[in-house]
Amino acid sequence: MYRWIRPLLFRLDPETAHEWAVGALATVQRVPGALALLSRAFAVTDARLAVTRWGLRFPNPVGLAAGFDKNATVYPALAALGFGFVEVGTITPRPQPGNPRPRLFRLPEDEAVINRMGFNNRGAEAAARSLVRQVCTVPVGINIGKNKDTPNEAALDDYRRCLRALYAYGDYFVVNVSSPNTPGLRALQRAEALGRLLEGVLDEARSLARETGAPAKPVLVKLAPDLDVELMREVVRAALDQGVAGFVATNTTVDRTGLKNRVHAHEAGGLSGRPLEGRATEMVRHVYRATEGRVPIVGVGGVFDGAGAYAKIRAGASLVQVYTGLIYRGPGIVRRINRELLALLERDGYRTIDEAVGADA
């Protein structure tokens with residue numbers, strides 16, 4: 001069905017189409033029994049796909065990356081589309097409008113998207129109000145960032161505020177220091193700066209865990225694909241020294257090498273989709289080697305099918321995420337990826353996803 005709907009959506013401005021999709025999912029959530037029907041249509045249930053990390057059970061390894069459900073309003077409907085987990089955000093402490101429109105561009109020839117959204121969201125308090133009202137059937141990650149007008153010297157306060165406001169509602173948290181669309185944010189990826197930031201964030205997480213009497217929730221770091229290998233190793237070491245629970249590899253890229261589209265290739269922002277696939281997979285492999293497989297990796301970037309997801313898993317990812325693939329393939333992408341993963345596991349003689357993790361690292 002999506003092949004008939006997509007041409008209509010692609011006639012709309014990309015951000016308008018996105019808002020329409022979020023609105024449609026919000027409407028579905030309000031219809032009694034609708035999510036159960038969606039789940040029966042889209043979910044693939046098979047024990048071989050299940051993954052357990054950080055004490056959380058993921059029914060399958062295919063999640064939705066941050067950026068779609070920015071305000072944590074439709075994640076139950078997204079879970080009903082068959083995702084094994086959903087990551088909401090990026091959420092900042094205070095509401096902010098993001099960068100001026102237009103700020104989202106399709107590159108159909110490349111199956112890619114360029115965005116310079118700039119962490120547009122309603123803020124942590126609004127997200128908390130939404131999260132407390134809804135129940136989700138899969139793990140929910142919360143991606144947190146700093147406000148644009150917060151200087152890097154005060155960034156820790158923003159991440160602490162987000163964590164404190166949202167801690168009760170997330171199953172895991174991702175510290176976003178790798179978006180190219182907030183000026184100066186990527187400077188926080190430098191090993192020394194990241195070490196200081198994570199020391200404070202993880203201290204806050206431990207304090208919140210003591211207050212609630214529960215084990216500390218996992219905190220991950222999202223990395224840029226534009227780090228060279230040596231700098232990536234330094235960043236990974238600094239993060240591990242502070243006790244992070246894992247990494248998300250990768251965010252969008254500022255590289256424009258090899259793009260076919262000439263209409264939007266010059267636009268500022270982060271590029272996602274097919275052109276990022278190989279680079280993101282290699283980053284997963286490098287991070288897996290640098291960590292010696294000690295912490296889980298979430299692989300994201302250019303995942304459009306089971307083969308792409310499987311390549312990231314074999315490179316070292318325990319879980320994968322899609323986003324741009326959802327735009328080009330529609331909601332059936334999750335079902336397709338999971339079915340293809342099952343076929344690939346069977347082909348290679350693996351009984352579970354876990355057995356394939358890092359096979360090519």
# chains A, B, ... in the order shown; residues from 1 in each chain; ligands from 1

$ closest_atom_pairs --of "region 16-103 of chain A" --to "region 319-330 of chain A" --cutoff "7 Å" --atoms "only C-alpha atoms" --output "JSON lines"
{"residue": "A:Pro61", "atom": "CA", "partner": "A:Leu319", "partner_atom": "CA", "distance": 4.6}
{"residue": "A:Val62", "atom": "CA", "partner": "A:Val320", "partner_atom": "CA", "distance": 5.2}
{"residue": "A:Gly63", "atom": "CA", "partner": "A:Gln321", "partner_atom": "CA", "distance": 4.5}
{"residue": "A:Leu64", "atom": "CA", "partner": "A:Gln321", "partner_atom": "CA", "distance": 5.1}
{"residue": "A:Ala65", "atom": "CA", "partner": "A:Gln321", "partner_atom": "CA", "distance": 5.2}

$ write_last_selection --atoms "C-alpha atoms" --output "CSV table (one decimal), in the first residue's frame"
chain,number,residue,atom,x,y,z
A,61,PRO,CA,16.6,-6.0,17.3
A,62,VAL,CA,15.1,-3.4,15.0
A,63,GLY,CA,14.3,0.0,16.7
A,64,LEU,CA,13.3,3.4,15.6
A,65,ALA,CA,16.0,6.1,15.9

$ residues_around --residues "Arg186 (chain A)" --least-positions-apart "3" --cutoff "12 Å" --atoms "only C-alpha atoms" --output "ChimeraX atom specification"
/A:145-146,152,155,175-183,189-191,193-194,222-227,235,251-254

$ residues_around --residues "region 50-57 of chain A" --least-positions-apart "3" --cutoff "9 Å" --atoms "only C-alpha atoms" --output "ChimeraX atom specification"
/A:45-47,60-61,84,138-139,171-172,217-218,245,296,318-319,352-354

$ atom_distance --atom1 "CA of Leu38 (chain A)" --atom2 "CA of Val140 (chain A)"
18.5 Å

$ closest_residue --among "A:Gly67, A:Gly89, A:Gly349, A:Gly246" --to "Arg116 (chain A)" --atoms "only C-alpha atoms"
A:Gly67
